[in-house]
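**Q** File work.pdb follows (PDB, C-alpha atoms):
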```
ATOM      1  CA  MET N1028      99.613  66.257 105.816
ATOM      2  CA  SER N1029      96.730  68.712 105.617
ATOM      3  CA  TRP N1030      95.083  70.679 108.355
ATOM      4  CA  ASN N1031      91.678  70.214 109.949
ATOM      5  CA  SER N1032      89.308  73.011 110.958
ATOM      6  CA  GLU N1033      90.438  72.935 114.593
ATOM      7  CA  GLN N1034      94.119  73.327 113.625
ATOM      8  CA  LYS N1035      93.174  76.159 111.269
ATOM      9  CA  MET N1036      91.211  78.006 113.976
ATOM     10  CA  GLN N1037      94.051  77.654 116.479
ATOM     11  CA  PHE N1038      96.597  78.761 113.857
ATOM     12  CA  LEU N1039      94.613  81.928 113.033
ATOM     13  CA  PHE N1040      93.985  82.641 116.729
ATOM     14  CA  THR N1041      97.755  82.513 117.370
ATOM     15  CA  LEU N1042      98.427  84.860 114.444
ATOM     16  CA  ARG N1043      95.916  87.397 115.774
ATOM     17  CA  SER N1044      97.364  87.193 119.292
ATOM     18  CA  LYS N1045     100.817  88.060 117.858
ATOM     19  CA  GLY N1046      99.523  91.183 116.097
ATOM     20  CA  VAL N1047      98.505  89.888 112.662
ATOM     21  CA  THR N1048      95.098  91.575 112.376
ATOM     22  CA  ASP N1049      94.817  92.630 108.725
ATOM     23  CA  PRO N1050      91.829  90.689 107.254
ATOM     24  CA  ARG N1051      93.425  90.218 103.802
ATOM     25  CA  THR N1052      96.635  88.842 105.321
ATOM     26  CA  LEU N1053      94.689  86.452 107.571
ATOM     27  CA  GLY N1054      92.522  85.393 104.615
ATOM     28  CA  ALA N1055      95.577  84.570 102.492
ATOM     29  CA  MET N1056      97.221  82.658 105.348
ATOM     30  CA  GLU N1057      94.033  80.675 105.903
ATOM     31  CA  LYS N1058      94.137  79.586 102.239
ATOM     32  CA  VAL N1059      97.718  78.270 102.484
ATOM     33  CA  ASP N1060      98.199  75.083 104.504
ATOM     34  CA  ARG N1061     101.659  75.289 106.141
ATOM     35  CA  GLY N1062     101.627  71.500 106.450
ATOM     36  CA  GLN N1063     102.269  71.294 102.682
ATOM     37  CA  PHE N1064     105.667  72.954 103.208
ATOM     38  CA  VAL N1065     106.975  70.944 106.165
ATOM     39  CA  ARG N1066     108.231  67.421 105.547
ATOM     40  CA  GLY N1067     109.924  64.682 107.534
ATOM     41  CA  HIS N1068     110.584  64.795 111.282
ATOM     42  CA  PHE N1069     108.885  68.138 111.799
ATOM     43  CA  GLU N1070     105.529  67.462 110.105
ATOM     44  CA  ASP N1071     103.722  67.282 113.435
ATOM     45  CA  ARG N1072     104.989  70.805 114.315
ATOM     46  CA  ALA N1073     103.761  72.363 111.043
ATOM     47  CA  TYR N1074     101.033  74.417 112.750
ATOM     48  CA  ASP N1075     103.113  75.581 115.710
ATOM     49  CA  ASP N1076     104.282  79.207 115.732
ATOM     50  CA  MET N1077     107.949  78.379 115.335
ATOM     51  CA  PRO N1078     110.572  78.317 112.561
ATOM     52  CA  LEU N1079     111.420  74.811 111.320
ATOM     53  CA  PRO N1080     114.366  73.370 109.355
ATOM     54  CA  ILE N1081     113.929  72.642 105.630
ATOM     55  CA  SER N1082     116.424  71.345 103.062
ATOM     56  CA  SER N1083     119.660  73.138 102.040
ATOM     57  CA  GLY N1084     120.283  74.242 105.643
ATOM     58  CA  GLN N1085     117.467  76.798 105.493
ATOM     59  CA  THR N1086     114.326  77.342 107.580
ATOM     60  CA  ILE N1087     110.624  77.946 107.070
ATOM     61  CA  SER N1088     109.858  81.113 109.019
ATOM     62  CA  GLN N1089     107.647  81.365 112.075
ATOM     63  CA  PRO N1090     104.032  81.907 110.863
ATOM     64  CA  SER N1091     103.479  85.017 113.000
ATOM     65  CA  ILE N1092     106.600  86.637 111.483
ATOM     66  CA  VAL N1093     105.403  85.694 107.969
ATOM     67  CA  GLY N1094     102.078  87.299 108.892
ATOM     68  CA  LEU N1095     103.648  90.490 110.263
ATOM     69  CA  MET N1096     105.882  90.832 107.177
ATOM     70  CA  THR N1097     102.945  90.250 104.826
ATOM     71  CA  GLN N1098     100.795  92.732 106.745
ATOM     72  CA  ALA N1099     103.556  95.390 106.641
ATOM     73  CA  LEU N1100     104.023  94.836 102.900
ATOM     74  CA  ASN N1101     100.369  95.833 102.339
ATOM     75  CA  VAL N1102     100.148  94.108  98.941
ATOM     76  CA  GLN N1103      97.412  95.358  96.611
ATOM     77  CA  PRO N1104      95.630  93.210  93.988
ATOM     78  CA  ARG N1105      97.412  94.868  91.010
ATOM     79  CA  ASP N1106     100.884  94.691  92.578
ATOM     80  CA  LYS N1107     103.968  93.015  91.172
ATOM     81  CA  VAL N1108     106.010  91.618  94.064
ATOM     82  CA  LEU N1109     109.641  90.469  94.298
ATOM     83  CA  GLU N1110     110.589  88.006  97.025
ATOM     84  CA  VAL N1111     114.282  87.414  97.722
ATOM     85  CA  GLY N1112     114.709  84.024  99.385
ATOM     86  CA  THR N1113     112.106  81.502  98.221
ATOM     87  CA  GLY N1114     113.016  78.979 100.908
ATOM     88  CA  SER N1115     110.133  76.548 101.353
ATOM     89  CA  GLY N1116     107.845  78.622  99.117
ATOM     90  CA  TYR N1117     105.436  79.330 101.981
ATOM     91  CA  GLN N1118     105.751  83.139 101.907
ATOM     92  CA  ALA N1119     105.463  83.296  98.093
ATOM     93  CA  SER N1120     102.301  81.185  98.113
ATOM     94  CA  ILE N1121     100.668  83.581 100.620
ATOM     95  CA  LEU N1122     101.694  86.571  98.492
ATOM     96  CA  SER N1123     100.232  84.887  95.402
ATOM     97  CA  HIS N1124      96.742  85.227  96.930
ATOM     98  CA  LEU N1125      97.257  88.980  97.417
ATOM     99  CA  ALA N1126      99.248  90.176  94.374
ATOM    100  CA  ARG N1127      98.833  90.119  90.618
ATOM    101  CA  ARG N1128     102.264  88.556  90.108
ATOM    102  CA  VAL N1129     105.012  87.232  92.390
ATOM    103  CA  TYR N1130     108.644  86.770  91.337
ATOM    104  CA  THR N1131     110.645  84.745  93.834
ATOM    105  CA  VAL N1132     114.420  84.192  93.706
ATOM    106  CA  ASP N1133     116.610  81.753  95.641
ATOM    107  CA  ARG N1134     120.262  80.771  95.359
ATOM    108  CA  HIS N1135     119.545  77.091  96.143
ATOM    109  CA  ARG N1136     118.436  75.184  93.044
ATOM    110  CA  ARG N1137     116.975  72.363  95.134
ATOM    111  CA  LEU N1138     114.647  74.799  96.919
ATOM    112  CA  THR N1139     113.494  76.515  93.730
ATOM    113  CA  ARG N1140     112.819  73.138  92.097
ATOM    114  CA  GLU N1141     110.822  71.860  95.092
ATOM    115  CA  SER N1142     108.872  75.124  95.381
ATOM    116  CA  GLU N1143     108.024  75.168  91.690
ATOM    117  CA  ALA N1144     106.612  71.630  91.911
ATOM    118  CA  LEU N1145     104.591  72.570  94.981
ATOM    119  CA  PHE N1146     103.147  75.749  93.400
ATOM    120  CA  SER N1147     102.113  73.686  90.394
ATOM    121  CA  ARG N1148     100.347  71.123  92.614
ATOM    122  CA  MET N1149      98.599  73.953  94.468
ATOM    123  CA  ASP N1150      97.480  75.609  91.191
ATOM    124  CA  LEU N1151      99.335  78.842  91.993
ATOM    125  CA  HIS N1152     100.048  80.076  88.482
ATOM    126  CA  ASN N1153     100.988  83.704  89.194
ATOM    127  CA  ILE N1154     104.378  82.847  90.760
ATOM    128  CA  THR N1155     107.605  82.867  88.733
ATOM    129  CA  VAL N1156     110.481  81.026  90.437
ATOM    130  CA  ILE N1157     114.061  81.934  89.542
ATOM    131  CA  THR N1158     117.342  80.378  90.691
ATOM    132  CA  GLY N1159     119.801  83.213  91.146
ATOM    133  CA  ASP N1160     121.445  85.771  93.385
ATOM    134  CA  GLY N1161     118.517  87.737  94.771
ATOM    135  CA  SER N1162     120.705  90.474  96.260
ATOM    136  CA  PHE N1163     120.845  91.980  92.757
ATOM    137  CA  GLY N1164     117.084  91.777  92.323
ATOM    138  CA  LEU N1165     115.581  91.209  88.879
ATOM    139  CA  PRO N1166     116.426  94.234  86.708
ATOM    140  CA  ASP N1167     114.559  92.713  83.720
ATOM    141  CA  GLN N1168     111.269  92.730  85.645
ATOM    142  CA  ALA N1169     111.753  95.980  87.597
ATOM    143  CA  PRO N1170     110.276  98.165  88.871
ATOM    144  CA  PHE N1171     108.340  96.353  91.612
ATOM    145  CA  ASP N1172     105.462  97.637  93.731
ATOM    146  CA  ARG N1173     106.590  95.559  96.698
ATOM    147  CA  ILE N1174     109.844  93.780  97.654
ATOM    148  CA  ILE N1175     110.279  91.346 100.558
ATOM    149  CA  LEU N1176     113.506  89.763 101.795
ATOM    150  CA  THR N1177     113.457  86.613 103.892
ATOM    151  CA  ALA N1178     117.173  86.821 104.695
ATOM    152  CA  ALA N1179     118.959  89.463 106.780
ATOM    153  CA  ALA N1180     121.162  92.133 105.221
ATOM    154  CA  GLU N1181     123.283  94.699 107.068
ATOM    155  CA  ASP N1182     121.543  97.403 105.015
ATOM    156  CA  PRO N1183     118.760  97.299 102.418
ATOM    157  CA  PRO N1184     120.605  96.264  99.212
ATOM    158  CA  GLY N1185     121.049  99.215  96.821
ATOM    159  CA  PRO N1186     119.976  97.325  93.663
ATOM    160  CA  LEU N1187     116.693  96.363  95.355
ATOM    161  CA  LEU N1188     115.960  99.926  96.470
ATOM    162  CA  GLU N1189     116.573 101.051  92.883
ATOM    163  CA  GLN N1190     114.094  98.446  91.616
ATOM    164  CA  LEU N1191     111.338  99.627  93.977
ATOM    165  CA  LYS N1192     108.718 101.968  92.503
ATOM    166  CA  ILE N1193     108.058 105.390  93.993
ATOM    167  CA  GLY N1194     105.309 104.699  96.529
ATOM    168  CA  GLY N1195     106.559 101.127  96.842
ATOM    169  CA  ILE N1196     107.259  99.234 100.065
ATOM    170  CA  MET N1197     110.125  96.917 101.000
ATOM    171  CA  VAL N1198     110.074  94.736 104.119
ATOM    172  CA  LEU N1199     113.261  93.040 105.319
ATOM    173  CA  PRO N1200     115.265  91.965 108.376
ATOM    174  CA  VAL N1201     118.335  94.138 108.936
ATOM    175  CA  GLY N1202     121.328  93.400 111.159
ATOM    176  CA  GLN N1203     124.359  91.158 111.581
ATOM    177  CA  SER N1204     123.522  87.470 111.369
ATOM    178  CA  ASP N1205     124.731  86.584 114.862
ATOM    179  CA  THR N1206     122.982  89.404 116.757
ATOM    180  CA  VAL N1207     119.412  90.580 117.076
ATOM    181  CA  GLN N1208     117.993  91.815 113.805
ATOM    182  CA  ASN N1209     115.245  94.338 113.243
ATOM    183  CA  LEU N1210     112.382  93.830 110.843
ATOM    184  CA  ILE N1211     112.047  97.097 108.964
ATOM    185  CA  LYS N1212     109.618  98.580 106.492
ATOM    186  CA  VAL N1213     111.046 100.944 103.875
ATOM    187  CA  THR N1214     108.679 103.190 101.915
ATOM    188  CA  LYS N1215     110.088 104.891  98.828
ATOM    189  CA  THR N1216     108.756 108.421  98.384
ATOM    190  CA  GLU N1217     109.500 111.265  95.981
ATOM    191  CA  ALA N1218     111.537 112.831  98.791
ATOM    192  CA  GLY N1219     113.556 109.704  99.656
ATOM    193  CA  LEU N1220     113.224 106.665 101.902
ATOM    194  CA  ASP N1221     111.126 106.370 105.053
ATOM    195  CA  TYR N1222     112.182 103.678 107.548
ATOM    196  CA  GLU N1223     109.966 102.091 110.180
ATOM    197  CA  GLU N1224     111.182  99.492 112.702
ATOM    198  CA  LEU N1225     108.605  96.748 113.299
ATOM    199  CA  CYS N1226     110.070  94.153 115.702
ATOM    200  CA  ASN N1227     113.125  92.053 116.565
ATOM    201  CA  VAL N1228     113.621  88.919 114.446
ATOM    202  CA  ARG N1229     116.232  86.327 113.582
ATOM    203  CA  PHE N1230     116.747  85.255 109.968
ATOM    204  CA  VAL N1231     119.472  83.499 108.012
ATOM    205  CA  PRO N1232     121.942  85.982 106.462
ATOM    206  CA  LEU N1233     121.552  87.206 102.891
ATOM    207  CA  ILE N1234     124.438  85.601 100.975
ATOM    208  CA  GLU N1235     125.575  86.555  97.516
ATOM    209  CA  GLY N1236     126.138  83.939  94.804
ATOM    210  CA  LEU N1237     124.467  80.591  94.196
ATOM    211  CA  GLY N1238     124.106  77.733  96.662
TER     212      GLY N1238
END
```
Write out the structure in this file as structure tokens.
**A**
Amino acid sequence: MSWNSEQKMQFLFTLRSKGVTDPRTLGAMEKVDRGQFVRGHFEDRAYDDMPLPISSGQTISQPSIVGLMTQALNVQPRDKVLEVGTGSGYQASILSHLARRVYTVDRHRRLTRESEALFSRMDLHNITVITGDGSFGLPDQAPFDRIILTAAAEDPPGPLLEQLKIGGIMVLPVGQSDTVQNLIKVTKTEAGLDYEELCNVRFVPLIEGLG
């Protein structure tokens, strides 16, 4: 399914009402039709501000949370971005409109295969999809200007912090999987790491190994 102008207006209005106000973030989210990423029973809920099930027991995140994470990441046009947890591919496709290059890693081969096919159909050629254990990052491509995790860790994974440039930003949910998690923004400075709590969220846990 694809969205009409009324659905798009309502979608963007909802994002703004939830605190997504950055014009570049809103512009990127307007370019990416969430309906392309939701299949089956839930197609008619594609434009609602709610998480929805996708294959491999995963979810496509709530659009307002995707927006808040993207806004906090503050991606610049020359940036190289690492995403851990490709999922449906929705977040990576939004980032592709903001960054120079996006590397996205997922442990579920089915999800990476489906996402790759979708990116190709959408002519998004600056995304590299990798099947692997994202908790170790991508040392071969490091360092990254920005890193985003779409799965919750108890602490920001050490290998990912190491692969973040000085001046770089990481956005991730932190907390135990069965309790409330916090969305945090980590900025790496010469002096160390600055942490900022953004809001409460609920994500699937970050799991090591392949699915």
**Q** Just give me the residues with any atom within 6 Å of (111.3, 90.3, 101.5), file coordinates, counting all atoms listed in the file, written as a ChimeraX atom specification.
**A** /N:1110-1111,1174-1177,1198-1199
**Q** Pick the closest to Ser1091 (chain N) from N:Gln1103, N:Thr1113, N:Ser1147, N:Ser1044: which is it, counting only C-alpha atoms?
**A** N:Ser1044
**Q** Evaluate the PyMOL selection byres ((chain N and resi 1218-1223) around 12) here and jot the selected residues down as a ChimeraX atom specification.
**A** /N:1099-1100,1182-1183,1185,1188-1189,1191-1201,1209-1217,1224-1226
**Q** For the provided coordinates, the residues matched by the PyMOL selection byres ((chain N and resi 1079) around 10) should be stated as number ranges by chain.
**A** N: 1065-1066, 1069-1070, 1072-1073, 1075-1078, 1080-1081, 1085-1089
**Q** In terms of the shortest atom-to-atom distance over only C-alpha atoms, which of N:Ile1092, N:Gly1161, N:Ser1115, N:Val1108 is closest to Gly1062 (chain N)?
**A** N:Ser1115
**Q** CA of Ile1234 (chain N) and CA of His1124 (chain N), how far apart in Å?
**A**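 Straight-line distance from CA of His1124 (chain N) to CA of Ile1234 (chain N) works out to 28.0 Å.
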**Q** How about completing region 1030-1041 of chain N with all heavy atoms and giving it to me as an mmCIF file, in the frame of the given file?
**A**
```cif
data_model
loop_
_atom_site.group_PDB
_atom_site.id
_atom_site.type_symbol
_atom_site.label_atom_id
_atom_site.label_comp_id
_atom_site.auth_asym_id
_atom_site.auth_seq_id
_atom_site.Cartn_x
_atom_site.Cartn_y
_atom_site.Cartn_z
ATOM 1 N N TRP N 1030 95.636 70.287 107.079
ATOM 2 C CA TRP N 1030 95.083 70.679 108.355
ATOM 3 C C TRP N 1030 93.580 70.492 108.458
ATOM 4 O O TRP N 1030 92.875 70.522 107.468
ATOM 5 C CB TRP N 1030 95.491 72.075 108.726
ATOM 6 C CG TRP N 1030 95.202 73.206 107.764
ATOM 7 C CD1 TRP N 1030 94.571 73.144 106.554
ATOM 8 C CD2 TRP N 1030 95.584 74.570 107.961
ATOM 9 N NE1 TRP N 1030 94.534 74.388 105.992
ATOM 10 C CE2 TRP N 1030 95.134 75.286 106.826
ATOM 11 C CE3 TRP N 1030 96.242 75.262 108.974
ATOM 12 C CZ2 TRP N 1030 95.338 76.653 106.693
ATOM 13 C CZ3 TRP N 1030 96.435 76.621 108.832
ATOM 14 C CH2 TRP N 1030 95.991 77.302 107.706
ATOM 15 N N ASN N 1031 93.116 70.294 109.698
ATOM 16 C CA ASN N 1031 91.678 70.214 109.949
ATOM 17 C C ASN N 1031 91.191 71.566 110.464
ATOM 18 O O ASN N 1031 91.975 72.476 110.715
ATOM 19 C CB ASN N 1031 91.366 69.084 110.942
ATOM 20 C CG ASN N 1031 92.086 69.268 112.276
ATOM 21 O OD1 ASN N 1031 92.176 70.370 112.795
ATOM 22 N ND2 ASN N 1031 92.616 68.179 112.827
ATOM 23 N N SER N 1032 89.876 71.700 110.620
ATOM 24 C CA SER N 1032 89.308 73.011 110.958
ATOM 25 C C SER N 1032 89.768 73.489 112.339
ATOM 26 O O SER N 1032 89.970 74.687 112.563
ATOM 27 C CB SER N 1032 87.793 72.970 110.892
ATOM 28 O OG SER N 1032 87.298 71.958 111.726
ATOM 29 N N GLU N 1033 89.985 72.551 113.253
ATOM 30 C CA GLU N 1033 90.438 72.935 114.593
ATOM 31 C C GLU N 1033 91.859 73.507 114.545
ATOM 32 O O GLU N 1033 92.164 74.522 115.171
ATOM 33 C CB GLU N 1033 90.388 71.719 115.524
ATOM 34 C CG GLU N 1033 90.525 72.082 116.988
ATOM 35 C CD GLU N 1033 90.391 70.861 117.902
ATOM 36 O OE1 GLU N 1033 89.568 69.971 117.576
ATOM 37 O OE2 GLU N 1033 91.117 70.800 118.890
ATOM 38 N N GLN N 1034 92.735 72.839 113.775
ATOM 39 C CA GLN N 1034 94.119 73.327 113.625
ATOM 40 C C GLN N 1034 94.120 74.715 112.984
ATOM 41 O O GLN N 1034 94.865 75.604 113.387
ATOM 42 C CB GLN N 1034 94.928 72.365 112.743
ATOM 43 C CG GLN N 1034 95.305 71.078 113.442
ATOM 44 C CD GLN N 1034 95.864 70.058 112.463
ATOM 45 O OE1 GLN N 1034 95.417 69.963 111.315
ATOM 46 N NE2 GLN N 1034 96.851 69.309 112.904
ATOM 47 N N LYS N 1035 93.250 74.886 111.984
ATOM 48 C CA LYS N 1035 93.174 76.159 111.269
ATOM 49 C C LYS N 1035 92.728 77.281 112.217
ATOM 50 O O LYS N 1035 93.305 78.371 112.235
ATOM 51 C CB LYS N 1035 92.192 76.028 110.104
ATOM 52 C CG LYS N 1035 92.259 77.147 109.097
ATOM 53 C CD LYS N 1035 91.249 76.982 107.981
ATOM 54 C CE LYS N 1035 91.632 75.916 106.988
ATOM 55 N NZ LYS N 1035 90.813 75.978 105.742
ATOM 56 N N MET N 1036 91.707 77.006 113.025
ATOM 57 C CA MET N 1036 91.211 78.006 113.976
ATOM 58 C C MET N 1036 92.285 78.396 114.989
ATOM 59 O O MET N 1036 92.494 79.566 115.279
ATOM 60 C CB MET N 1036 89.980 77.472 114.719
ATOM 61 C CG MET N 1036 88.686 77.643 113.954
ATOM 62 S SD MET N 1036 87.311 76.832 114.820
ATOM 63 C CE MET N 1036 87.350 77.691 116.397
ATOM 64 N N GLN N 1037 92.988 77.403 115.495
ATOM 65 C CA GLN N 1037 94.051 77.654 116.479
ATOM 66 C C GLN N 1037 95.192 78.457 115.846
ATOM 67 O O GLN N 1037 95.740 79.385 116.450
ATOM 68 C CB GLN N 1037 94.580 76.325 117.034
ATOM 69 C CG GLN N 1037 95.659 76.475 118.109
ATOM 70 C CD GLN N 1037 95.189 77.287 119.317
ATOM 71 O OE1 GLN N 1037 94.113 77.057 119.852
ATOM 72 N NE2 GLN N 1037 95.992 78.264 119.733
ATOM 73 N N PHE N 1038 95.532 78.089 114.616
ATOM 74 C CA PHE N 1038 96.597 78.761 113.857
ATOM 75 C C PHE N 1038 96.260 80.249 113.689
ATOM 76 O O PHE N 1038 97.075 81.121 113.966
ATOM 77 C CB PHE N 1038 96.717 78.064 112.497
ATOM 78 C CG PHE N 1038 97.850 78.537 111.631
ATOM 79 C CD1 PHE N 1038 99.151 78.107 111.850
ATOM 80 C CD2 PHE N 1038 97.616 79.385 110.557
ATOM 81 C CE1 PHE N 1038 100.194 78.513 111.028
ATOM 82 C CE2 PHE N 1038 98.650 79.808 109.735
ATOM 83 C CZ PHE N 1038 99.945 79.365 109.977
ATOM 84 N N LEU N 1039 95.033 80.542 113.261
ATOM 85 C CA LEU N 1039 94.613 81.928 113.033
ATOM 86 C C LEU N 1039 94.505 82.697 114.351
ATOM 87 O O LEU N 1039 94.839 83.881 114.419
ATOM 88 C CB LEU N 1039 93.281 81.964 112.267
ATOM 89 C CG LEU N 1039 93.367 81.427 110.833
ATOM 90 C CD1 LEU N 1039 91.975 81.245 110.241
ATOM 91 C CD2 LEU N 1039 94.196 82.351 109.948
ATOM 92 N N PHE N 1040 94.062 82.012 115.401
ATOM 93 C CA PHE N 1040 93.985 82.641 116.729
ATOM 94 C C PHE N 1040 95.389 83.081 117.187
ATOM 95 O O PHE N 1040 95.583 84.185 117.683
ATOM 96 C CB PHE N 1040 93.372 81.667 117.745
ATOM 97 C CG PHE N 1040 93.363 82.197 119.151
ATOM 98 C CD1 PHE N 1040 92.395 83.107 119.559
ATOM 99 C CD2 PHE N 1040 94.343 81.804 120.061
ATOM 100 C CE1 PHE N 1040 92.402 83.620 120.860
ATOM 101 C CE2 PHE N 1040 94.357 82.314 121.359
ATOM 102 C CZ PHE N 1040 93.381 83.223 121.752
ATOM 103 N N THR N 1041 96.369 82.199 116.993
ATOM 104 C CA THR N 1041 97.755 82.513 117.370
ATOM 105 C C THR N 1041 98.267 83.716 116.577
ATOM 106 O O THR N 1041 98.904 84.613 117.136
ATOM 107 C CB THR N 1041 98.679 81.299 117.147
ATOM 108 O OG1 THR N 1041 98.179 80.204 117.909
ATOM 109 C CG2 THR N 1041 100.111 81.584 117.552
#
```
